[in-house]
>>> print(open('upload.csv').read())   # CSV, C-alpha atoms
chain,number,residue,atom,x,y,z
A,26,MET,CA,33.3,21.6,-0.4
A,27,SER,CA,29.9,22.1,1.4
A,28,SER,CA,26.7,21.0,-0.2
A,29,THR,CA,25.6,24.6,-0.4
A,30,THR,CA,28.8,25.7,-2.2
A,31,THR,CA,28.5,22.7,-4.5
A,32,LEU,CA,25.0,23.5,-5.5
A,33,ARG,CA,25.8,27.2,-6.0
A,34,THR,CA,28.7,26.2,-8.3
A,35,LEU,CA,26.5,23.8,-10.2
A,36,ILE,CA,23.9,26.4,-11.1
A,37,GLN,CA,26.6,28.8,-12.2
A,38,ALA,CA,28.0,26.2,-14.7
A,39,PRO,CA,27.0,26.5,-18.3
A,40,ASP,CA,25.2,23.1,-18.3
A,41,LEU,CA,21.7,22.5,-17.2
A,42,LEU,CA,21.3,21.0,-13.7
A,43,VAL,CA,18.6,18.3,-13.8
A,44,MET,CA,17.2,17.6,-10.3
A,45,PRO,CA,14.9,14.5,-10.0
A,46,GLY,CA,12.3,14.5,-7.3
A,47,ILE,CA,13.0,12.8,-4.0
A,48,PHE,CA,10.1,11.8,-1.7
A,49,ASP,CA,11.6,9.0,0.5
A,50,GLY,CA,14.9,7.4,1.5
A,51,PHE,CA,14.8,4.9,-1.5
A,52,SER,CA,14.3,7.7,-4.1
A,53,ALA,CA,17.1,9.7,-2.4
A,54,ARG,CA,19.6,6.8,-2.6
A,55,LEU,CA,18.6,5.9,-6.2
A,56,VAL,CA,19.0,9.5,-7.4
A,57,GLU,CA,22.4,9.6,-5.8
A,58,GLN,CA,23.6,6.2,-6.9
A,59,THR,CA,22.6,6.8,-10.5
A,60,GLY,CA,24.9,9.7,-10.7
A,61,PHE,CA,22.8,12.8,-10.6
A,62,ALA,CA,24.5,15.8,-9.1
A,63,ALA,CA,21.6,17.1,-6.9
A,64,GLY,CA,18.1,16.2,-6.0
A,65,PHE,CA,14.8,18.0,-5.3
A,66,ILE,CA,12.7,17.2,-2.1
A,67,THR,CA,9.3,17.6,-3.7
A,68,GLY,CA,6.5,19.0,-1.6
A,69,ALA,CA,3.9,17.4,-3.7
A,70,GLY,CA,5.7,14.0,-3.6
A,71,LEU,CA,6.0,14.2,0.2
A,72,SER,CA,2.4,14.9,0.7
A,73,GLU,CA,1.3,12.3,-1.8
A,74,ALA,CA,3.7,9.6,-0.6
A,75,LEU,CA,3.6,10.3,3.1
A,76,LEU,CA,-0.1,11.3,3.6
A,77,GLY,CA,-1.6,9.8,0.5
A,78,TRP,CA,-3.3,13.1,-0.2
A,79,SER,CA,-2.8,15.8,-2.8
A,80,ASP,CA,-0.6,18.8,-2.4
A,81,VAL,CA,-3.1,21.3,-1.0
A,82,GLY,CA,-1.2,22.5,2.1
A,83,LEU,CA,-1.9,19.5,4.4
A,84,MET,CA,1.8,19.0,5.1
A,85,GLY,CA,2.7,21.6,7.7
A,86,PHE,CA,6.0,23.0,8.9
A,87,GLU,CA,6.8,20.2,11.4
A,88,LEU,CA,6.0,17.3,9.1
A,89,ASN,CA,7.9,18.8,6.2
A,90,LEU,CA,10.9,19.6,8.4
A,91,ALA,CA,11.0,16.1,9.8
A,92,ALA,CA,11.0,14.6,6.3
A,93,VAL,CA,13.6,17.1,5.0
A,94,THR,CA,15.9,16.3,7.9
A,95,ARG,CA,15.6,12.5,7.3
A,96,LEU,CA,16.2,12.8,3.6
A,97,ALA,CA,19.2,15.1,4.0
A,98,ALA,CA,20.7,12.6,6.4
A,99,CYS,CA,20.4,9.5,4.1
A,100,CYS,CA,22.4,10.8,1.1
A,101,THR,CA,25.3,13.2,0.4
A,102,LEU,CA,23.6,15.0,-2.5
A,103,PRO,CA,23.0,18.7,-2.4
A,104,LEU,CA,19.3,19.0,-1.9
A,105,LEU,CA,16.7,21.7,-2.8
A,106,ALA,CA,13.7,21.6,-0.6
A,107,ASP,CA,10.2,22.8,-1.2
A,108,ALA,CA,9.4,25.1,1.7
A,109,ASP,CA,5.9,26.0,0.5
A,110,THR,CA,4.9,29.5,1.7
A,111,GLY,CA,7.5,29.6,4.5
A,112,TYR,CA,4.6,28.5,6.7
A,113,GLY,CA,3.4,32.0,7.7
A,114,ASN,CA,4.6,35.6,7.6
A,115,ALA,CA,8.1,36.9,7.3
A,116,LEU,CA,9.0,35.9,10.9
A,117,ASN,CA,7.8,32.3,10.1
A,118,VAL,CA,10.0,32.4,7.0
A,119,ARG,CA,13.0,33.3,9.1
A,120,ARG,CA,12.4,30.3,11.3
A,121,THR,CA,11.8,28.0,8.3
A,122,VAL,CA,15.1,29.0,6.7
A,123,GLN,CA,17.0,28.5,9.9
A,124,ALA,CA,15.5,25.1,10.5
A,125,TYR,CA,15.9,23.9,6.9
A,126,GLU,CA,19.5,25.1,6.9
A,127,ALA,CA,20.2,23.2,10.1
A,128,ALA,CA,18.6,20.1,8.6
A,129,GLY,CA,21.2,20.1,5.9
A,130,VAL,CA,19.6,21.3,2.7
A,131,ALA,CA,21.5,23.3,0.1
A,132,ALA,CA,18.6,25.4,-1.1
A,133,LEU,CA,14.9,26.0,-0.5
A,134,HIS,CA,12.1,27.7,-2.5
A,135,ILE,CA,9.4,29.9,-1.0
A,136,GLU,CA,6.3,30.9,-2.9
A,137,ASP,CA,3.8,33.7,-2.9
A,138,GLN,CA,0.6,31.7,-2.5
A,139,VAL,CA,-1.8,32.3,0.4
A,140,THR,CA,-2.0,29.6,3.1
A,141,PRO,CA,-3.1,26.9,2.6
A,142,LYS,CA,-1.3,26.6,-0.7
A,143,ARG,CA,-1.9,24.1,-3.5
A,144,CYS,CA,0.1,22.4,-6.2
A,145,GLY,CA,1.1,24.9,-8.9
A,146,HIS,CA,-0.5,22.9,-11.6
A,147,LEU,CA,-4.0,22.8,-10.1
A,148,SER,CA,-6.5,25.6,-10.2
A,149,GLY,CA,-7.9,28.2,-7.9
A,150,HIS,CA,-4.6,29.8,-6.8
A,151,GLN,CA,-4.5,33.0,-4.7
A,152,VAL,CA,-1.4,35.0,-3.9
A,153,ILE,CA,-0.3,37.5,-1.2
A,154,PRO,CA,0.4,41.1,-2.1
A,155,ARG,CA,3.7,41.6,-4.0
A,156,GLY,CA,5.3,43.7,-1.3
A,157,GLU,CA,4.5,41.0,1.3
A,158,PHE,CA,6.1,38.4,-0.9
A,159,ALA,CA,9.2,40.6,-1.4
A,160,GLY,CA,9.4,41.0,2.4
A,161,LYS,CA,9.3,37.2,2.9
A,162,ILE,CA,12.2,36.7,0.4
A,163,ARG,CA,14.2,39.4,2.2
A,164,ALA,CA,13.5,37.7,5.5
A,165,ALA,CA,14.7,34.4,4.0
A,166,ALA,CA,17.9,36.0,2.7
A,167,ASP,CA,18.6,37.6,6.0
A,168,ALA,CA,17.9,34.5,8.1
A,169,ARG,CA,20.5,32.2,6.6
A,170,THR,CA,23.9,31.9,8.3
A,171,ASP,CA,25.5,30.1,5.3
A,172,ARG,CA,25.6,32.7,2.6
A,173,ASP,CA,25.9,30.0,-0.1
A,174,LEU,CA,22.4,28.6,0.9
A,175,LEU,CA,20.3,29.3,-2.1
A,176,ILE,CA,17.1,31.2,-1.7
A,177,ILE,CA,14.7,30.5,-4.5
A,178,ALA,CA,11.7,32.7,-5.0
A,179,ARG,CA,8.6,31.0,-6.6
A,180,THR,CA,5.7,33.0,-7.9
A,181,ASP,CA,2.3,31.5,-8.8
A,182,ALA,CA,1.0,34.8,-10.2
A,183,ILE,CA,0.5,33.5,-13.7
A,184,SER,CA,-2.3,31.3,-12.4
A,185,ALA,CA,-3.6,33.7,-9.8
A,186,MET,CA,-3.3,37.0,-11.7
A,187,ASP,CA,-1.5,37.3,-15.0
A,188,PHE,CA,1.8,36.8,-16.7
A,189,ASP,CA,3.0,40.4,-16.4
A,190,GLU,CA,2.4,40.4,-12.7
A,191,ALA,CA,4.5,37.3,-12.4
A,192,LEU,CA,7.4,39.2,-14.1
A,193,ARG,CA,6.9,42.1,-11.7
A,194,ARG,CA,7.1,39.7,-8.8
A,195,GLY,CA,10.2,38.2,-10.2
A,196,GLU,CA,11.8,41.6,-10.3
A,197,ALA,CA,10.7,42.4,-6.7
A,198,ALA,CA,12.1,39.0,-5.5
A,199,VAL,CA,15.5,39.6,-7.1
A,200,LYS,CA,15.7,43.0,-5.5
A,201,ALA,CA,14.8,41.4,-2.2
A,202,GLY,CA,17.7,39.0,-2.4
A,203,ALA,CA,16.5,35.9,-4.3
A,204,ASP,CA,19.4,33.8,-5.8
A,205,VAL,CA,17.2,31.9,-8.3
A,206,LEU,CA,13.8,32.7,-9.8
A,207,PHE,CA,11.0,30.1,-10.2
A,208,VAL,CA,8.1,31.4,-12.3
A,209,GLU,CA,5.6,28.6,-12.0
A,210,ALA,CA,3.3,27.3,-14.8
A,211,PRO,CA,4.1,29.4,-17.9
A,212,ARG,CA,1.4,28.4,-20.4
A,213,ASP,CA,3.4,28.2,-23.7
A,214,GLU,CA,6.8,28.4,-25.2
A,215,GLN,CA,6.4,32.2,-25.8
A,216,GLN,CA,5.9,32.8,-22.1
A,217,VAL,CA,8.9,30.6,-21.3
A,218,GLU,CA,11.0,32.7,-23.8
A,219,ARG,CA,9.8,36.0,-22.2
A,220,ILE,CA,10.8,34.8,-18.8
A,221,ALA,CA,14.2,33.8,-20.0
A,222,ARG,CA,14.7,37.2,-21.7
A,223,ALA,CA,13.4,39.2,-18.6
A,224,PHE,CA,16.0,38.1,-16.1
A,225,ASP,CA,19.8,37.7,-15.6
A,226,THR,CA,19.2,35.9,-12.4
A,227,PRO,CA,19.5,32.0,-12.6
A,228,LEU,CA,16.1,30.5,-13.6
A,229,LEU,CA,14.4,27.3,-12.6
A,230,TYR,CA,11.9,25.3,-14.7
A,231,ASN,CA,9.4,23.0,-13.2
A,232,TYR,CA,9.0,20.1,-15.6
A,233,ALA,CA,5.7,18.7,-14.4
A,234,PRO,CA,4.2,15.8,-16.4
A,235,GLY,CA,0.5,16.4,-17.1
A,236,GLY,CA,0.8,20.0,-15.8
A,237,ARG,CA,0.1,23.4,-17.3
A,238,SER,CA,3.6,24.2,-18.7
A,239,PRO,CA,5.0,22.9,-22.0
A,240,LEU,CA,7.5,20.1,-21.6
A,241,LEU,CA,10.1,21.6,-23.9
A,242,PRO,CA,13.2,19.6,-24.9
A,243,PHE,CA,16.0,20.0,-22.3
A,244,ALA,CA,18.1,21.3,-25.2
A,245,ARG,CA,15.7,24.2,-25.7
A,246,LEU,CA,15.6,25.1,-22.1
A,247,ARG,CA,19.4,25.0,-22.0
A,248,GLU,CA,19.5,27.2,-25.1
A,249,LEU,CA,17.2,29.7,-23.3
A,250,GLY,CA,19.6,29.8,-20.4
A,251,PHE,CA,17.7,28.1,-17.6
A,252,ALA,CA,19.9,26.9,-14.8
A,253,ILE,CA,17.8,24.2,-13.2
A,254,ILE,CA,15.2,21.7,-14.3
A,255,LEU,CA,13.0,20.1,-11.6
A,256,LEU,CA,11.5,16.7,-12.3
A,257,PRO,CA,9.2,16.9,-9.3
A,258,VAL,CA,7.0,13.8,-9.4
A,259,ASP,CA,8.5,11.7,-12.2
A,260,THR,CA,10.1,9.2,-9.8
A,261,LEU,CA,6.9,8.9,-7.8
A,262,PHE,CA,4.7,8.4,-10.9
A,263,VAL,CA,7.1,5.7,-12.2
A,264,GLY,CA,7.1,4.0,-8.8
A,265,VAL,CA,3.3,4.1,-8.4
A,266,ARG,CA,2.8,2.7,-11.9
A,267,ALA,CA,5.1,-0.2,-11.2
A,268,ILE,CA,3.4,-1.0,-7.9
A,269,ALA,CA,-0.1,-0.7,-9.5
A,270,ASP,CA,0.9,-3.0,-12.4
A,271,PHE,CA,2.4,-5.6,-10.0
A,272,LEU,CA,-0.7,-5.6,-7.7
A,273,ALA,CA,-3.1,-5.9,-10.7
A,274,GLU,CA,-1.1,-8.9,-12.0
A,275,LEU,CA,-0.9,-10.5,-8.6
A,276,ARG,CA,-4.7,-10.3,-8.3
A,277,LYS,CA,-5.1,-11.8,-11.7
A,278,ARG,CA,-2.6,-14.6,-11.4
A,279,ASP,CA,-3.0,-15.4,-7.7
A,280,ASP,CA,0.6,-16.6,-7.7
A,281,VAL,CA,3.5,-14.3,-6.8
A,282,ARG,CA,6.2,-16.7,-8.1
A,283,SER,CA,5.4,-15.8,-11.7
A,284,LEU,CA,6.1,-12.1,-11.0
A,285,THR,CA,9.6,-12.3,-9.5
A,286,ASP,CA,11.2,-10.9,-12.6
A,287,ARG,CA,9.8,-7.5,-11.5
A,288,TYR,CA,11.7,-7.6,-8.2
A,289,ILE,CA,14.9,-5.9,-7.4
A,290,GLN,CA,17.3,-8.6,-6.3
A,291,PHE,CA,17.6,-9.0,-2.5
A,292,SER,CA,21.4,-8.5,-2.7
A,293,GLU,CA,21.0,-5.4,-4.8
A,294,PHE,CA,18.3,-4.0,-2.4
A,295,ASN,CA,20.6,-4.6,0.5
A,296,ARG,CA,23.4,-2.7,-1.2
A,297,LEU,CA,21.0,0.2,-1.9
A,298,ILE,CA,20.0,0.5,1.8
A,299,GLY,CA,23.5,0.0,3.1
A,300,VAL,CA,23.1,-3.4,4.8
A,301,THR,CA,26.6,-4.6,4.1
A,302,ASP,CA,28.1,-1.3,5.3
A,303,GLN,CA,26.0,-1.3,8.5
A,304,MET,CA,26.9,-4.9,9.3
A,305,ALA,CA,30.6,-4.2,8.8
A,306,LEU,CA,30.2,-1.2,11.1
A,307,ALA,CA,28.5,-3.2,13.7
A,308,ASP,CA,31.4,-5.7,13.6
A,309,ARG,CA,33.7,-3.0,14.7
A,310,TYR,CA,31.9,-2.7,18.0
A,311,LYS,CA,31.7,-6.3,19.0
A,312,ASP,CA,32.9,-7.2,22.4
A,313,ASP,CA,36.1,-9.3,21.8
A,314,SER,CA,36.9,-9.6,25.5
A,315,GLY,CA,35.5,-13.1,25.7
>>> encode(input="upload.csv", output="structure tokens")
Amino acid sequence: MSSTTTLRTLIQAPDLLVMPGIFDGFSARLVEQTGFAAGFITGAGLSEALLGWSDVGLMGFELNLAAVTRLAACCTLPLLADADTGYGNALNVRRTVQAYEAAGVAALHIEDQVTPKRCGHLSGHQVIPRGEFAGKIRAAADARTDRDLLIIARTDAISAMDFDEALRRGEAAVKAGADVLFVEAPRDEQQVERIARAFDTPLLYNYAPGGRSPLLPFARLRELGFAIILLPVDTLFVGVRAIADFLAELRKRDDVRSLTDRYIQFSEFNRLIGVTDQMALADRYKDDSG
């Protein structure tokens, strides 16, 4: 079964699909090896990990596509990729969808912010006209060659305009061909409930720590009928905390030997990055002619 078909099947299942954030090869392999069924290539995480800067539209099409291509190649998980605004107008969206599909992702989401965009849990958002957004979603749906590739429509209208406009944009996106709706940054549980009641289309919830949305229990989101939970930056935040704590202790102690209990074992690390498999593969191609 292809990754696109697998992901489409997963979101149609009654259980909630939890997709941890992936921002590099290590996080991709760890998400896969710990048994999660799918992963999310986080736009914020890519910008923060690759550039060291916040998610304010600094990662353009080429940088994001290169990262997405590498991550799709290093694991077998169905991956959802953040495609920002589609990097331009409807014609740019068509190119983005075709390129991301060729890169091997199973889904991508496109939002209605103006360019340059910014993280959905910051402030100062602006959005394009509703009709233009619907046209971009229609262009995305038309551009795919694999009909199982999921087109996810994200609206930031709650932050940029108001809640009711976000619902109207969700309706327009569904009519334009969106397979999944992503209404970003609802402010409270009541708004979350209204989103769940408003649509029969599968819904995505962005579970952003420290963000604007309530972090409801997974069981509650499951009860409301959400299909996908994204954990966009949790893996990055955990990793940054571990590195910061290690470096602080190293400065304090001035002796790395007392900190080795924090390390992954060398053999375990090699298994994670496939050293044993690669060495065995290399042995197949040794010249045995003498």
>>> residues_around(input="upload.csv", residues="Cys99 of chain A", least_positions_apart="3", cutoff="8 Å", atoms="only C-alpha atoms", output="list of chain:residue names")
A:Gly50, A:Ala53, A:Arg54, A:Arg95, A:Leu96
>>> atom_distance(input="upload.csv", atom1="atom CA of Ala197 of chain A", atom2="atom CA of Ala178 of chain A")
9.9 Å
>>> residues_around(input="upload.csv", residues="His134 of chain A", least_positions_apart="2", cutoff="6 Å", atoms="all atoms listed in the file", output="list in words")
Asp107, Ala108, Ile177 and Ala178 of chain A
>>> atom_distance(input="upload.csv", atom1="atom CA of Pro211 of chain A", atom2="atom CA of Ser238 of chain A")
5.3 Å
>>> residues_around(input="upload.csv", residues="Val217 of chain A", least_positions_apart="5", cutoff="12 Å", atoms="all atoms listed in the file", output="mmCIF file with C-alpha atoms, in the coordinates of the input")
data_model
loop_
_atom_site.group_PDB
_atom_site.id
_atom_site.type_symbol
_atom_site.label_atom_id
_atom_site.label_comp_id
_atom_site.auth_asym_id
_atom_site.auth_seq_id
_atom_site.Cartn_x
_atom_site.Cartn_y
_atom_site.Cartn_z
ATOM 1 C CA ILE A 183 0.500 33.500 -13.700
ATOM 2 C CA PHE A 188 1.800 36.800 -16.700
ATOM 3 C CA ALA A 191 4.500 37.300 -12.400
ATOM 4 C CA LEU A 192 7.400 39.200 -14.100
ATOM 5 C CA PHE A 207 11.000 30.100 -10.200
ATOM 6 C CA VAL A 208 8.100 31.400 -12.300
ATOM 7 C CA GLU A 209 5.600 28.600 -12.000
ATOM 8 C CA ALA A 210 3.300 27.300 -14.800
ATOM 9 C CA PRO A 211 4.100 29.400 -17.900
ATOM 10 C CA ARG A 212 1.400 28.400 -20.400
ATOM 11 C CA ARG A 222 14.700 37.200 -21.700
ATOM 12 C CA ALA A 223 13.400 39.200 -18.600
ATOM 13 C CA PHE A 224 16.000 38.100 -16.100
ATOM 14 C CA LEU A 228 16.100 30.500 -13.600
ATOM 15 C CA LEU A 229 14.400 27.300 -12.600
ATOM 16 C CA TYR A 230 11.900 25.300 -14.700
ATOM 17 C CA ASN A 231 9.400 23.000 -13.200
ATOM 18 C CA TYR A 232 9.000 20.100 -15.600
ATOM 19 C CA SER A 238 3.600 24.200 -18.700
ATOM 20 C CA PRO A 239 5.000 22.900 -22.000
ATOM 21 C CA LEU A 240 7.500 20.100 -21.600
ATOM 22 C CA LEU A 241 10.100 21.600 -23.900
ATOM 23 C CA ARG A 245 15.700 24.200 -25.700
ATOM 24 C CA LEU A 246 15.600 25.100 -22.100
ATOM 25 C CA ARG A 247 19.400 25.000 -22.000
ATOM 26 C CA GLU A 248 19.500 27.200 -25.100
ATOM 27 C CA LEU A 249 17.200 29.700 -23.300
ATOM 28 C CA GLY A 250 19.600 29.800 -20.400
ATOM 29 C CA PHE A 251 17.700 28.100 -17.600
#
>>> closest_atom_pairs(input="upload.csv", of="segment 37-133 of chain A", to="segment 154-161 of chain A", cutoff="8 Å", atoms="all atoms listed in the file", output="Markdown table")
| residue | atom | partner | partner_atom | distance |
| --- | --- | --- | --- | --- |
| A:Gly111 | CA | A:Lys161 | CA | 8.0 |
| A:Asn114 | CA | A:Lys161 | CA | 6.8 |
| A:Ala115 | CA | A:Lys161 | CA | 4.6 |
| A:Val118 | CA | A:Lys161 | CA | 6.4 |
>>> residues_near_point(input="upload.csv", point="(24.5, 22.9, -21.3)", cutoff="9 Å", atoms="only C-alpha atoms", output="ChimeraX atom specification")
/A:38-42,244,247-248,250,252
>>> residues_around(input="upload.csv", residues="Phe262 of chain A", least_positions_apart="5", cutoff="12 Å", atoms="only C-alpha atoms", output="VMD selection string")
chain A and resid 45 to 48 52 69 to 70 73 to 74 233 to 235 256 to 257 267 to 269
>>> residues_around(input="upload.csv", residues="Asp189 of chain A", least_positions_apart="4", cutoff="12 Å", atoms="all atoms listed in the file", output="mmCIF file with C-alpha atoms, keeping the file's coordinate frame")
data_model
loop_
_atom_site.group_PDB
_atom_site.id
_atom_site.type_symbol
_atom_site.label_atom_id
_atom_site.label_comp_id
_atom_site.auth_asym_id
_atom_site.auth_seq_id
_atom_site.Cartn_x
_atom_site.Cartn_y
_atom_site.Cartn_z
ATOM 1 C CA THR A 180 5.700 33.000 -7.900
ATOM 2 C CA ASP A 181 2.300 31.500 -8.800
ATOM 3 C CA ALA A 182 1.000 34.800 -10.200
ATOM 4 C CA ILE A 183 0.500 33.500 -13.700
ATOM 5 C CA SER A 184 -2.300 31.300 -12.400
ATOM 6 C CA ALA A 185 -3.600 33.700 -9.800
ATOM 7 C CA ARG A 193 6.900 42.100 -11.700
ATOM 8 C CA ARG A 194 7.100 39.700 -8.800
ATOM 9 C CA GLY A 195 10.200 38.200 -10.200
ATOM 10 C CA GLU A 196 11.800 41.600 -10.300
ATOM 11 C CA VAL A 208 8.100 31.400 -12.300
ATOM 12 C CA PRO A 211 4.100 29.400 -17.900
ATOM 13 C CA GLN A 216 5.900 32.800 -22.100
ATOM 14 C CA ARG A 219 9.800 36.000 -22.200
ATOM 15 C CA ILE A 220 10.800 34.800 -18.800
ATOM 16 C CA ALA A 223 13.400 39.200 -18.600
#
>>> closest_residue(input="upload.csv", among="A:Leu88, A:Val130, A:Leu116, A:Leu297", to="Ile66 of chain A", atoms="all atoms listed in the file")
A:Val130
>>> atom_distance(input="upload.csv", atom1="atom CA of Val93 of chain A", atom2="atom CA of Ala131 of chain A")
11.2 Å
>>> closest_residue(input="upload.csv", among="A:Ile176, A:Ala273, A:Ala307, A:Arg143", to="Ser79 of chain A", atoms="all atoms listed in the file")
A:Arg143
>>> closest_residue(input="upload.csv", among="A:Leu174, A:Ala166, A:Val152, A:Val56", to="Ala201 of chain A", atoms="only C-alpha atoms")
A:Ala166
>>> closest_residue(input="upload.csv", among="A:Asn89, A:Val205, A:Gly64, A:Arg163", to="Arg33 of chain A", atoms="all atoms listed in the file")
A:Val205
>>> closest_residue(input="upload.csv", among="A:Leu104, A:Met186, A:Ile254, A:Ala97", to="Gln151 of chain A", atoms="only C-alpha atoms")
A:Met186
>>> closest_residue(input="upload.csv", among="A:Ala124, A:Ile153, A:Leu133, A:Leu147", to="Leu206 of chain A", atoms="all atoms listed in the file")
A:Leu133
>>> decode(input="upload.csv", residues="segment 231-258 of chain A", atoms="C-alpha atoms", output="compact mmCIF listing (two decimals), in the first residue's frame")
# COMPACT_ATOMS: atom_id res chain seq x y z
CA ASN A 231 -2.63 21.65 16.14
CA TYR A 232 -1.50 20.79 19.68
CA ALA A 233 1.01 23.60 20.15
CA PRO A 234 2.60 23.87 23.63
CA GLY A 235 2.59 27.46 24.84
CA GLY A 236 0.34 28.50 21.95
CA ARG A 237 -3.09 30.08 21.79
CA SER A 238 -5.21 26.94 21.62
CA PRO A 239 -6.35 24.93 24.65
CA LEU A 240 -4.44 21.70 25.10
CA LEU A 241 -7.49 19.51 25.56
CA PRO A 242 -7.10 15.85 26.55
CA PHE A 243 -6.63 13.60 23.56
CA ALA A 244 -9.72 11.71 24.71
CA ARG A 245 -11.81 14.90 24.42
CA LEU A 246 -10.57 15.62 20.90
CA ARG A 247 -11.29 12.01 19.99
CA GLU A 248 -14.79 12.38 21.41
CA LEU A 249 -15.35 15.52 19.33
CA GLY A 250 -14.39 13.61 16.19
CA PHE A 251 -11.03 15.10 15.26
CA ALA A 252 -9.06 12.85 12.91
CA ILE A 253 -5.49 14.16 13.38
CA ILE A 254 -3.49 15.70 16.21
CA LEU A 255 -0.25 17.41 15.31
CA LEU A 256 2.49 17.70 17.92
CA PRO A 257 4.47 20.21 15.87
CA VAL A 258 7.37 21.22 18.09
